[in-house]
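J.: Sharing a structure with you now.
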Amino acid sequence: MTSNPVYERWYEQARPAYGLTPGVNGGYSENPVADWLTRPADDLFIEIRDKVDDLGRQLNPLECDEEWLDYIAGLCGFTGPYWDKTWATQAKRTLLNASFSLIWPLKGTSQALSFVLNAFDIKHIIQEGTSFIIGVDEVGDELGVVAWDYTILLPNDYYKTPKETLTRRLDTLFGPCWCTKTVVFSSEFFRTFEVLGFTDNDQITLLSPNTAAGEAFQL
C-alpha cells in the first residue's frame with residue numbers, strides 16, 4: 001500500500017510544517033534549528049487539526065462540550081426569546097436534539113408543549129377542552145369561530161416559584177396560539193397518577209367521562 005506523505009506529516013509525525021523542510025543531503029530535515037523554528041507552527045496546526053476532526057462530535061447536542069450548546073442553538077432555530085444561556089445543560093441538550101424531529105414540526109401542539117416542559121423537569125398535566133389546532137379546527141371552521149381553551153395543571157408547590165414563571169414562558173413560546181389558556185395549581189391530580197403507578201416521564205392521555213367534549217388529561 002502506497003504511503004501518503006500528507007497523512008504521515010499530519011498524523012504519524014504530527015509535524016506538518018517541519019515535514020516540508022528541504023531534505024537534500026540531509027539539509028533542514030535533520031537540522032535542530034529548523035526543528036526548533038517550526039515547532040510552534042506545528043503545535044498550532046495540530047491543535048487546529050484536532051478541532052476540525054472533532055467538529056462532528058461538537059455539532060451533536062448529546063455529545064458536544066457544554067460551551068458548544070449555545071452556538072448549536074442558533075443552528076437549530078433557537079434564537080431570541082426561544083433560548084436562554086442560563087438554562088440547565090441537560091435541558092439544552094434535550095431541546096436541541098429534538099428541535100427538527102419534534103419541537104418545530106409540532107410547535108403549537110400539546111405534544112410539543114408537554115415535551116418542552118418535561119425537558120425542564122416540570123411536572124404537569126395538560127387538560128384540553130377540545131383539540132389543539134393551527135389554522136382551522138377539525139370541522140373546517142375558520143380560526144376564531146369556535147372558542148378553544150386548555151388548562152395546564154401544576155403541583156401546588158410550583159405556585160409563585162421560578163417553575164411557574166418558566167412554565168408560563170414556555171407555554172407562550174411553544175404552546176398553541178389563539179387559545180384561551182389557564183394555569184391551575186392542584187396536587188390532587190398528581191397524587192392520583194402516582195397511586196396508579198405513572199411517573200413524571202410517562203406520556204399518556206386519560207379520557208374523562210365527558211368524551212363527547214373531547215376532554216382529556218395528558219401527562
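Each chain in the C-alpha cells gets a letter, A, B and so on, in the order shown; residues start at 1 in every chain, and ligands are counted from 1 in the order they appear.
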Need to verify the contact set: segment 55-72 of chain A, 8 Å, only C-alpha atoms, exclusion of same-chain residues closer than 3 positions in sequence. Can you return it as a compact mmCIF listing (two decimals) with N, CA, C and O atoms, in the first residue's frame?
T.:
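Saved as result-v3.txt:
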# COMPACT_ATOMS: atom_id res chain seq x y z
N LYS A 51 -9.27 20.06 16.39
CA LYS A 51 -10.58 20.71 16.47
C LYS A 51 -11.43 20.42 15.25
O LYS A 51 -12.64 20.19 15.36
N VAL A 52 -10.80 20.42 14.08
CA VAL A 52 -11.54 20.11 12.85
C VAL A 52 -12.01 18.66 12.86
O VAL A 52 -13.16 18.35 12.51
N LEU A 75 -28.11 27.30 15.20
CA LEU A 75 -28.21 26.44 14.03
C LEU A 75 -29.50 25.63 14.04
O LEU A 75 -29.99 25.22 12.98
N CYS A 76 -30.05 25.42 15.23
CA CYS A 76 -31.27 24.61 15.37
C CYS A 76 -32.52 25.48 15.48
O CYS A 76 -33.61 24.97 15.78
N LYS A 85 -29.27 31.30 27.77
CA LYS A 85 -27.98 30.69 28.09
C LYS A 85 -27.91 30.17 29.52
O LYS A 85 -27.04 29.35 29.84
N THR A 89 -27.96 22.55 31.49
CA THR A 89 -27.27 21.89 30.37
C THR A 89 -28.09 20.75 29.80
O THR A 89 -28.23 20.62 28.57
N LYS A 92 -30.96 21.94 27.70
CA LYS A 92 -30.49 22.42 26.40
C LYS A 92 -30.26 21.25 25.45
O LYS A 92 -30.67 21.29 24.28
N ARG A 93 -29.60 20.21 25.93
CA ARG A 93 -29.31 19.04 25.08
C ARG A 93 -30.60 18.40 24.59
O ARG A 93 -30.72 18.02 23.41
N THR A 94 -31.57 18.28 25.47
CA THR A 94 -32.85 17.65 25.10
C THR A 94 -33.58 18.46 24.04
O THR A 94 -34.09 17.91 23.05
N LEU A 96 -32.33 20.73 21.88
CA LEU A 96 -31.60 20.77 20.61
C LEU A 96 -31.70 19.44 19.87
O LEU A 96 -31.85 19.41 18.65
N ASN A 97 -31.65 18.35 20.60
CA ASN A 97 -31.69 17.04 19.97
C ASN A 97 -33.04 16.78 19.30
O ASN A 97 -33.11 16.05 18.30
J.: Find the spatial neighbours of Tyr11 of chain A, counting only C-alpha atoms, within a cut-off of 9 Å - ignore same-chain residues fewer than 5 positions away - and output them as an MDAnalysis selection string.
T.: chainID A and resid 6 16 46
J.: Could you save the residues just selected, with N, CA and C atoms, as an mmCIF file, in the first residue's frame?
T.:
data_model
loop_
_atom_site.group_PDB
_atom_site.id
_atom_site.type_symbol
_atom_site.label_atom_id
_atom_site.label_comp_id
_atom_site.auth_asym_id
_atom_site.auth_seq_id
_atom_site.Cartn_x
_atom_site.Cartn_y
_atom_site.Cartn_z
ATOM 1 N N VAL A 6 1.237 13.343 2.986
ATOM 2 C CA VAL A 6 0.466 14.351 3.729
ATOM 3 C C VAL A 6 -0.057 13.753 5.025
ATOM 4 N N PRO A 16 3.427 18.861 10.461
ATOM 5 C CA PRO A 16 3.077 19.276 9.098
ATOM 6 C C PRO A 16 3.996 20.331 8.515
ATOM 7 N N ILE A 46 -1.499 21.280 14.642
ATOM 8 C CA ILE A 46 -2.058 20.053 15.209
ATOM 9 C C ILE A 46 -3.250 20.372 16.102
#
J.: So which residues touch Ile103 of chain A within 10 Å, counting only C-alpha atoms, skipping near sequence neighbours fewer than 6 positions away, as a ChimeraX atom specification?
T.: /A:95-97,109,111-113,115-116,174
J.: Among segment 14-65 of chain A, which residues carry a DSSP assignment of helix (DSSP H, G or I), reported as a compact mmCIF listing (two decimals) with all heavy atoms, in the first residue's frame?
T.:
# COMPACT_ATOMS: atom_id res chain seq x y z
N TYR A 18 7.34 21.13 9.75
CA TYR A 18 8.71 20.61 9.75
C TYR A 18 8.90 19.56 8.66
O TYR A 18 9.97 19.45 8.04
CB TYR A 18 9.04 20.02 11.11
CG TYR A 18 10.42 19.44 11.23
CD1 TYR A 18 11.53 20.27 11.12
CD2 TYR A 18 10.62 18.08 11.44
CE1 TYR A 18 12.82 19.74 11.24
CE2 TYR A 18 11.88 17.54 11.57
CZ TYR A 18 12.99 18.39 11.45
OH TYR A 18 14.26 17.87 11.56
N GLY A 19 7.83 18.79 8.38
CA GLY A 19 7.92 17.75 7.36
C GLY A 19 8.08 18.28 5.96
O GLY A 19 8.40 17.53 5.04
N LEU A 20 7.87 19.57 5.75
CA LEU A 20 8.02 20.18 4.43
C LEU A 20 9.39 20.81 4.22
O LEU A 20 9.69 21.31 3.13
CB LEU A 20 6.93 21.26 4.23
CG LEU A 20 5.50 20.76 4.05
CD1 LEU A 20 4.54 21.94 4.00
CD2 LEU A 20 5.37 19.91 2.79
N VAL A 24 17.50 17.77 1.06
CA VAL A 24 18.60 17.46 0.16
C VAL A 24 19.90 17.35 0.97
O VAL A 24 20.25 18.25 1.74
CB VAL A 24 18.75 18.55 -0.92
CG1 VAL A 24 19.92 18.22 -1.85
CG2 VAL A 24 17.45 18.66 -1.71
N ASN A 25 20.63 16.21 0.81
CA ASN A 25 21.88 15.96 1.53
C ASN A 25 21.72 16.13 3.05
O ASN A 25 22.57 16.68 3.73
CB ASN A 25 23.00 16.90 1.03
CG ASN A 25 23.33 16.68 -0.43
OD1 ASN A 25 23.32 15.53 -0.90
ND2 ASN A 25 23.63 17.75 -1.15
N GLY A 26 20.64 15.66 3.55
CA GLY A 26 20.40 15.81 4.99
C GLY A 26 19.70 17.10 5.29
O GLY A 26 18.73 17.13 6.05
N TYR A 28 17.69 20.55 5.87
CA TYR A 28 16.99 21.07 7.05
C TYR A 28 16.15 20.02 7.78
O TYR A 28 15.76 20.25 8.92
CB TYR A 28 16.08 22.22 6.62
CG TYR A 28 16.84 23.42 6.09
CD1 TYR A 28 16.93 23.65 4.72
CD2 TYR A 28 17.46 24.30 6.96
CE1 TYR A 28 17.62 24.74 4.23
CE2 TYR A 28 18.16 25.41 6.47
CZ TYR A 28 18.24 25.62 5.11
OH TYR A 28 18.92 26.70 4.63
N SER A 29 15.89 18.90 7.11
CA SER A 29 15.01 17.91 7.72
C SER A 29 15.62 17.29 8.98
O SER A 29 14.90 16.71 9.79
CB SER A 29 14.67 16.80 6.71
OG SER A 29 15.85 16.14 6.30
N GLU A 30 16.91 17.39 9.14
CA GLU A 30 17.55 16.86 10.35
C GLU A 30 18.28 17.96 11.10
O GLU A 30 19.15 17.68 11.93
CB GLU A 30 18.51 15.73 9.97
CG GLU A 30 17.82 14.54 9.31
CD GLU A 30 18.81 13.46 8.93
OE1 GLU A 30 20.01 13.61 9.24
OE2 GLU A 30 18.37 12.46 8.33
N PRO A 32 18.49 20.76 13.87
CA PRO A 32 17.82 21.11 15.13
C PRO A 32 17.27 22.53 15.13
O PRO A 32 16.26 22.81 15.80
CB PRO A 32 18.92 20.93 16.18
CG PRO A 32 20.20 21.01 15.42
CD PRO A 32 19.92 20.43 14.08
N VAL A 33 17.91 23.42 14.40
CA VAL A 33 17.40 24.79 14.33
C VAL A 33 16.07 24.82 13.57
O VAL A 33 15.11 25.48 13.99
CB VAL A 33 18.42 25.73 13.67
CG1 VAL A 33 17.83 27.13 13.51
CG2 VAL A 33 19.70 25.78 14.49
N ALA A 34 15.99 24.09 12.46
CA ALA A 34 14.75 24.01 11.69
C ALA A 34 13.64 23.37 12.53
O ALA A 34 12.48 23.79 12.48
CB ALA A 34 14.97 23.22 10.42
N ASP A 35 14.04 22.36 13.30
CA ASP A 35 13.07 21.71 14.19
C ASP A 35 12.53 22.71 15.20
O ASP A 35 11.33 22.78 15.46
CB ASP A 35 13.75 20.53 14.90
CG ASP A 35 12.81 19.87 15.89
OD1 ASP A 35 11.98 19.05 15.44
OD2 ASP A 35 12.91 20.16 17.10
N TRP A 36 13.41 23.50 15.79
CA TRP A 36 13.01 24.49 16.80
C TRP A 36 12.15 25.61 16.20
O TRP A 36 11.18 26.04 16.81
CB TRP A 36 14.29 25.08 17.43
CG TRP A 36 14.00 26.13 18.45
CD1 TRP A 36 13.61 25.96 19.75
CD2 TRP A 36 14.07 27.55 18.26
NE1 TRP A 36 13.43 27.16 20.39
CE2 TRP A 36 13.71 28.16 19.49
CE3 TRP A 36 14.42 28.36 17.16
CZ2 TRP A 36 13.68 29.54 19.65
CZ3 TRP A 36 14.39 29.74 17.33
CH2 TRP A 36 14.02 30.31 18.57
N LEU A 37 12.50 26.05 14.99
CA LEU A 37 11.77 27.14 14.37
C LEU A 37 10.35 26.73 13.95
O LEU A 37 9.42 27.55 13.99
CB LEU A 37 12.54 27.65 13.14
CG LEU A 37 13.82 28.44 13.41
CD1 LEU A 37 14.54 28.75 12.12
CD2 LEU A 37 13.50 29.74 14.17
N THR A 38 10.18 25.49 13.55
CA THR A 38 8.87 25.04 13.06
C THR A 38 7.99 24.43 14.15
O THR A 38 6.80 24.20 13.92
CB THR A 38 9.03 24.01 11.94
OG1 THR A 38 9.82 22.90 12.42
CG2 THR A 38 9.73 24.63 10.73
N ARG A 39 8.55 24.20 15.34
CA ARG A 39 7.78 23.56 16.41
C ARG A 39 6.52 24.36 16.79
O ARG A 39 5.43 23.78 16.91
CB ARG A 39 8.67 23.34 17.63
CG ARG A 39 7.95 22.80 18.85
CD ARG A 39 7.43 21.40 18.63
NE ARG A 39 8.52 20.45 18.48
CZ ARG A 39 8.33 19.14 18.35
NH1 ARG A 39 7.10 18.64 18.29
NH2 ARG A 39 9.37 18.33 18.20
N PRO A 40 6.59 25.69 17.02
CA PRO A 40 5.36 26.43 17.38
C PRO A 40 4.28 26.35 16.31
O PRO A 40 3.09 26.20 16.62
CB PRO A 40 5.86 27.87 17.55
CG PRO A 40 7.32 27.73 17.87
CD PRO A 40 7.78 26.55 17.07
N ALA A 41 4.70 26.44 15.04
CA ALA A 41 3.72 26.34 13.96
C ALA A 41 3.09 24.95 13.92
O ALA A 41 1.87 24.81 13.75
CB ALA A 41 4.37 26.66 12.62
N ASP A 42 3.90 23.93 14.10
CA ASP A 42 3.37 22.57 14.09
C ASP A 42 2.39 22.35 15.24
O ASP A 42 1.34 21.72 15.07
CB ASP A 42 4.51 21.56 14.18
CG ASP A 42 5.19 21.34 12.84
OD1 ASP A 42 4.54 21.62 11.81
OD2 ASP A 42 6.36 20.91 12.83
N ASP A 43 2.71 22.85 16.42
CA ASP A 43 1.80 22.69 17.56
C ASP A 43 0.45 23.36 17.28
O ASP A 43 -0.61 22.83 17.63
CB ASP A 43 2.44 23.29 18.82
CG ASP A 43 3.63 22.49 19.32
OD1 ASP A 43 3.78 21.34 18.88
OD2 ASP A 43 4.42 23.03 20.13
N LEU A 44 0.51 24.55 16.66
CA LEU A 44 -0.73 25.25 16.32
C LEU A 44 -1.52 24.49 15.27
O LEU A 44 -2.75 24.35 15.39
CB LEU A 44 -0.40 26.66 15.81
CG LEU A 44 -1.60 27.51 15.34
CD1 LEU A 44 -2.58 27.72 16.49
CD2 LEU A 44 -1.12 28.84 14.78
N PHE A 45 -0.84 24.00 14.25
CA PHE A 45 -1.52 23.25 13.20
C PHE A 45 -2.19 21.99 13.76
O PHE A 45 -3.31 21.64 13.38
CB PHE A 45 -0.53 22.86 12.09
CG PHE A 45 -0.06 24.03 11.26
CD1 PHE A 45 1.20 24.01 10.66
CD2 PHE A 45 -0.87 25.14 11.08
CE1 PHE A 45 1.62 25.08 9.89
CE2 PHE A 45 -0.45 26.20 10.31
CZ PHE A 45 0.80 26.19 9.72
N ILE A 46 -1.50 21.28 14.64
CA ILE A 46 -2.06 20.05 15.21
C ILE A 46 -3.25 20.37 16.10
O ILE A 46 -4.25 19.63 16.13
CB ILE A 46 -0.99 19.28 15.99
CG1 ILE A 46 0.11 18.80 15.03
CG2 ILE A 46 -1.60 18.10 16.72
CD1 ILE A 46 -0.40 17.97 13.87
N GLU A 47 -3.19 21.48 16.81
CA GLU A 47 -4.33 21.90 17.63
C GLU A 47 -5.56 22.17 16.76
O GLU A 47 -6.68 21.76 17.08
CB GLU A 47 -3.97 23.14 18.44
CG GLU A 47 -5.10 23.63 19.34
CD GLU A 47 -4.72 24.90 20.10
OE1 GLU A 47 -3.54 25.29 20.05
OE2 GLU A 47 -5.61 25.49 20.74
N ILE A 48 -5.33 22.86 15.64
CA ILE A 48 -6.42 23.13 14.70
C ILE A 48 -6.93 21.84 14.08
O ILE A 48 -8.14 21.64 13.90
CB ILE A 48 -5.94 24.11 13.61
CG1 ILE A 48 -5.60 25.47 14.23
CG2 ILE A 48 -7.01 24.27 12.53
CD1 ILE A 48 -4.98 26.45 13.26
N ARG A 49 -6.00 20.94 13.74
CA ARG A 49 -6.38 19.65 13.16
C ARG A 49 -7.32 18.89 14.09
O ARG A 49 -8.34 18.34 13.67
CB ARG A 49 -5.13 18.81 12.89
CG ARG A 49 -5.39 17.44 12.28
CD ARG A 49 -4.30 16.45 12.66
NE ARG A 49 -4.30 16.17 14.09
CZ ARG A 49 -3.39 15.39 14.69
NH1 ARG A 49 -2.39 14.88 13.98
NH2 ARG A 49 -3.46 15.16 15.99
N ASP A 50 -6.96 18.85 15.36
CA ASP A 50 -7.79 18.12 16.34
C ASP A 50 -9.19 18.73 16.45
O ASP A 50 -10.18 18.01 16.59
CB ASP A 50 -7.11 18.13 17.70
CG ASP A 50 -5.84 17.28 17.71
OD1 ASP A 50 -5.68 16.44 16.81
OD2 ASP A 50 -5.00 17.48 18.63
N LYS A 51 -9.27 20.06 16.39
CA LYS A 51 -10.58 20.71 16.47
C LYS A 51 -11.43 20.42 15.25
O LYS A 51 -12.64 20.19 15.36
CB LYS A 51 -10.40 22.22 16.65
CG LYS A 51 -9.84 22.62 18.02
CD LYS A 51 -9.72 24.13 18.15
CE LYS A 51 -9.21 24.51 19.53
NZ LYS A 51 -9.07 25.99 19.68
N VAL A 52 -10.80 20.42 14.08
CA VAL A 52 -11.54 20.11 12.85
C VAL A 52 -12.01 18.66 12.86
O VAL A 52 -13.16 18.35 12.51
CB VAL A 52 -10.67 20.39 11.61
CG1 VAL A 52 -11.35 19.87 10.35
CG2 VAL A 52 -10.38 21.87 11.49
N ASP A 53 -11.14 17.74 13.29
CA ASP A 53 -11.51 16.33 13.34
C ASP A 53 -12.63 16.09 14.34
O ASP A 53 -13.41 15.14 14.21
CB ASP A 53 -10.29 15.48 13.73
CG ASP A 53 -9.27 15.41 12.60
OD1 ASP A 53 -9.61 15.81 11.47
OD2 ASP A 53 -8.13 14.96 12.87
N LEU A 55 -15.10 18.17 14.98
CA LEU A 55 -16.26 19.01 14.68
C LEU A 55 -17.57 18.22 14.65
O LEU A 55 -18.61 18.71 15.10
CB LEU A 55 -16.05 19.73 13.35
CG LEU A 55 -17.09 20.78 12.98
CD1 LEU A 55 -17.15 21.87 14.04
CD2 LEU A 55 -16.77 21.40 11.62
N GLY A 56 -17.51 17.01 14.11
CA GLY A 56 -18.73 16.20 14.06
C GLY A 56 -19.32 15.96 15.43
O GLY A 56 -20.53 16.06 15.63
N ARG A 57 -18.48 15.64 16.39
CA ARG A 57 -18.97 15.42 17.76
C ARG A 57 -19.49 16.72 18.36
O ARG A 57 -20.51 16.73 19.07
CB ARG A 57 -17.85 14.86 18.63
CG ARG A 57 -18.28 14.57 20.08
CD ARG A 57 -17.10 14.13 20.92
NE ARG A 57 -16.16 15.21 21.17
CZ ARG A 57 -16.31 16.09 22.17
NH1 ARG A 57 -17.35 16.05 22.99
NH2 ARG A 57 -15.40 17.04 22.33
N GLN A 58 -18.80 17.81 18.09
CA GLN A 58 -19.20 19.08 18.68
C GLN A 58 -20.54 19.60 18.12
O GLN A 58 -21.18 20.43 18.75
CB GLN A 58 -18.11 20.14 18.46
CG GLN A 58 -16.79 19.84 19.13
CD GLN A 58 -16.86 19.92 20.66
OE1 GLN A 58 -17.92 19.87 21.27
NE2 GLN A 58 -15.70 20.07 21.28
J.: Quick one: of A:Phe78, A:Tyr158, A:Trp87, A:Phe120, who's nearest to Phe100 of chain A, counting only C-alpha atoms?
T.: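 The shortest atom-to-atom distance to Phe100 of chain A comes from A:Phe78.
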J.: Tell me which of A:Thr161, A:Thr167, A:Ser186, A:Asn4 sits closest to Asp121 of chain A, counting only C-alpha atoms.
T.: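 Result for the nearest residue to Asp121 of chain A: A:Thr167.
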J.: So, counting only C-alpha atoms, which residue among A:Pro176, A:Arg169, A:Ser110, A:Phe185 is closest to Pro81 of chain A?
T.: A:Arg169
J.: Identify, with DSSP run on backbone atoms, the residues in segment 16-169 of chain A assigned to strand (DSSP E or B), and express the list as a PDB file with all heavy atoms, in the first residue's frame.
T.:
ATOM      1  N   ILE A 125     -49.813  18.511  33.910  1.00  0.00           N
ATOM      2  CA  ILE A 125     -50.887  17.818  33.210  1.00  0.00           C
ATOM      3  C   ILE A 125     -51.555  18.849  32.317  1.00  0.00           C
ATOM      4  O   ILE A 125     -51.852  19.961  32.765  1.00  0.00           O
ATOM      5  CB  ILE A 125     -51.930  17.214  34.173  1.00  0.00           C
ATOM      6  CG1 ILE A 125     -51.275  16.190  35.104  1.00  0.00           C
ATOM      7  CG2 ILE A 125     -53.076  16.566  33.392  1.00  0.00           C
ATOM      8  CD1 ILE A 125     -52.173  15.712  36.220  1.00  0.00           C
ATOM      9  N   ILE A 126     -51.782  18.496  31.067  1.00  0.00           N
ATOM     10  CA  ILE A 126     -52.463  19.401  30.141  1.00  0.00           C
ATOM     11  C   ILE A 126     -53.882  18.893  29.919  1.00  0.00           C
ATOM     12  O   ILE A 126     -54.077  17.762  29.463  1.00  0.00           O
ATOM     13  CB  ILE A 126     -51.724  19.499  28.793  1.00  0.00           C
ATOM     14  CG1 ILE A 126     -50.322  20.086  29.000  1.00  0.00           C
ATOM     15  CG2 ILE A 126     -52.512  20.362  27.814  1.00  0.00           C
ATOM     16  CD1 ILE A 126     -49.498  20.157  27.727  1.00  0.00           C
ATOM     17  N   GLN A 127     -54.850  19.698  30.280  1.00  0.00           N
ATOM     18  CA  GLN A 127     -56.246  19.352  30.073  1.00  0.00           C
ATOM     19  C   GLN A 127     -56.746  20.130  28.862  1.00  0.00           C
ATOM     20  O   GLN A 127     -56.742  21.358  28.852  1.00  0.00           O
ATOM     21  CB  GLN A 127     -57.096  19.706  31.295  1.00  0.00           C
ATOM     22  CG  GLN A 127     -58.572  19.392  31.109  1.00  0.00           C
ATOM     23  CD  GLN A 127     -59.418  19.866  32.275  1.00  0.00           C
ATOM     24  OE1 GLN A 127     -58.902  20.495  33.195  1.00  0.00           O
ATOM     25  NE2 GLN A 127     -60.695  19.571  32.229  1.00  0.00           N
ATOM     26  N   GLU A 128     -57.167  19.396  27.858  1.00  0.00           N
ATOM     27  CA  GLU A 128     -57.629  20.022  26.628  1.00  0.00           C
ATOM     28  C   GLU A 128     -59.151  20.062  26.591  1.00  0.00           C
ATOM     29  O   GLU A 128     -59.809  19.054  26.803  1.00  0.00           O
ATOM     30  CB  GLU A 128     -57.115  19.247  25.413  1.00  0.00           C
ATOM     31  CG  GLU A 128     -55.602  19.103  25.373  1.00  0.00           C
ATOM     32  CD  GLU A 128     -55.150  18.245  24.215  1.00  0.00           C
ATOM     33  OE1 GLU A 128     -55.899  18.157  23.231  1.00  0.00           O
ATOM     34  OE2 GLU A 128     -54.060  17.663  24.301  1.00  0.00           O
ATOM     35  N   VAL A 136     -57.229  25.990  11.140  1.00  0.00           N
ATOM     36  CA  VAL A 136     -58.658  25.680  11.163  1.00  0.00           C
ATOM     37  C   VAL A 136     -58.903  24.593  12.184  1.00  0.00           C
ATOM     38  O   VAL A 136     -57.981  23.906  12.620  1.00  0.00           O
ATOM     39  CB  VAL A 136     -59.165  25.192   9.780  1.00  0.00           C
ATOM     40  CG1 VAL A 136     -59.043  26.293   8.738  1.00  0.00           C
ATOM     41  CG2 VAL A 136     -58.395  23.965   9.332  1.00  0.00           C
ATOM     42  N   GLU A 142     -63.248  28.478  10.231  1.00  0.00           N
ATOM     43  CA  GLU A 142     -62.146  29.418  10.267  1.00  0.00           C
ATOM     44  C   GLU A 142     -61.704  29.648  11.701  1.00  0.00           C
ATOM     45  O   GLU A 142     -62.510  29.590  12.636  1.00  0.00           O
ATOM     46  CB  GLU A 142     -62.559  30.746   9.634  1.00  0.00           C
ATOM     47  CG  GLU A 142     -62.804  30.647   8.132  1.00  0.00           C
ATOM     48  CD  GLU A 142     -63.114  31.998   7.545  1.00  0.00           C
ATOM     49  OE1 GLU A 142     -63.108  32.987   8.298  1.00  0.00           O
ATOM     50  OE2 GLU A 142     -63.369  32.072   6.326  1.00  0.00           O
ATOM     51  N   ASP A 149     -59.762  26.215  24.243  1.00  0.00           N
ATOM     52  CA  ASP A 149     -59.138  26.504  25.528  1.00  0.00           C
ATOM     53  C   ASP A 149     -58.423  25.264  26.046  1.00  0.00           C
ATOM     54  O   ASP A 149     -58.719  24.143  25.653  1.00  0.00           O
ATOM     55  CB  ASP A 149     -60.191  26.964  26.549  1.00  0.00           C
ATOM     56  CG  ASP A 149     -61.206  25.887  26.846  1.00  0.00           C
ATOM     57  OD1 ASP A 149     -62.150  25.725  26.032  1.00  0.00           O
ATOM     58  OD2 ASP A 149     -61.055  25.180  27.854  1.00  0.00           O
ATOM     59  N   TYR A 150     -57.465  25.496  26.913  1.00  0.00           N
ATOM     60  CA  TYR A 150     -56.789  24.394  27.582  1.00  0.00           C
ATOM     61  C   TYR A 150     -56.253  24.897  28.917  1.00  0.00           C
ATOM     62  O   TYR A 150     -56.111  26.101  29.132  1.00  0.00           O
ATOM     63  CB  TYR A 150     -55.658  23.821  26.723  1.00  0.00           C
ATOM     64  CG  TYR A 150     -54.510  24.754  26.458  1.00  0.00           C
ATOM     65  CD1 TYR A 150     -53.352  24.722  27.237  1.00  0.00           C
ATOM     66  CD2 TYR A 150     -54.559  25.665  25.399  1.00  0.00           C
ATOM     67  CE1 TYR A 150     -52.294  25.579  26.982  1.00  0.00           C
ATOM     68  CE2 TYR A 150     -53.507  26.516  25.136  1.00  0.00           C
ATOM     69  CZ  TYR A 150     -52.376  26.469  25.923  1.00  0.00           C
ATOM     70  OH  TYR A 150     -51.333  27.312  25.668  1.00  0.00           O
ATOM     71  N   THR A 151     -55.994  23.947  29.777  1.00  0.00           N
ATOM     72  CA  THR A 151     -55.524  24.257  31.127  1.00  0.00           C
ATOM     73  C   THR A 151     -54.251  23.474  31.403  1.00  0.00           C
ATOM     74  O   THR A 151     -54.156  22.294  31.069  1.00  0.00           O
ATOM     75  CB  THR A 151     -56.580  23.890  32.179  1.00  0.00           C
ATOM     76  OG1 THR A 151     -57.781  24.623  31.915  1.00  0.00           O
ATOM     77  CG2 THR A 151     -56.089  24.224  33.590  1.00  0.00           C
ATOM     78  N   ILE A 152     -53.270  24.133  31.992  1.00  0.00           N
ATOM     79  CA  ILE A 152     -52.053  23.465  32.445  1.00  0.00           C
ATOM     80  C   ILE A 152     -52.141  23.333  33.958  1.00  0.00           C
ATOM     81  O   ILE A 152     -52.222  24.329  34.672  1.00  0.00           O
ATOM     82  CB  ILE A 152     -50.795  24.251  32.059  1.00  0.00           C
ATOM     83  CG1 ILE A 152     -50.723  24.433  30.542  1.00  0.00           C
ATOM     84  CG2 ILE A 152     -49.544  23.540  32.570  1.00  0.00           C
ATOM     85  CD1 ILE A 152     -49.543  25.269  30.085  1.00  0.00           C
ATOM     86  N   LEU A 153     -52.166  22.110  34.435  1.00  0.00           N
ATOM     87  CA  LEU A 153     -52.220  21.871  35.875  1.00  0.00           C
ATOM     88  C   LEU A 153     -50.805  21.652  36.396  1.00  0.00           C
ATOM     89  O   LEU A 153     -50.039  20.862  35.835  1.00  0.00           O
ATOM     90  CB  LEU A 153     -53.085  20.654  36.190  1.00  0.00           C
ATOM     91  CG  LEU A 153     -54.587  20.817  35.923  1.00  0.00           C
ATOM     92  CD1 LEU A 153     -54.943  20.282  34.552  1.00  0.00           C
ATOM     93  CD2 LEU A 153     -55.399  20.110  36.991  1.00  0.00           C
ATOM     94  N   LEU A 154     -50.471  22.342  37.465  1.00  0.00           N
ATOM     95  CA  LEU A 154     -49.163  22.233  38.103  1.00  0.00           C
ATOM     96  C   LEU A 154     -49.341  21.882  39.568  1.00  0.00           C
ATOM     97  O   LEU A 154     -50.379  22.192  40.168  1.00  0.00           O
ATOM     98  CB  LEU A 154     -48.398  23.557  37.985  1.00  0.00           C
ATOM     99  CG  LEU A 154     -48.122  24.099  36.577  1.00  0.00           C
ATOM    100  CD1 LEU A 154     -47.457  25.461  36.668  1.00  0.00           C
ATOM    101  CD2 LEU A 154     -47.255  23.136  35.776  1.00  0.00           C
TER     102      LEU A 154
END
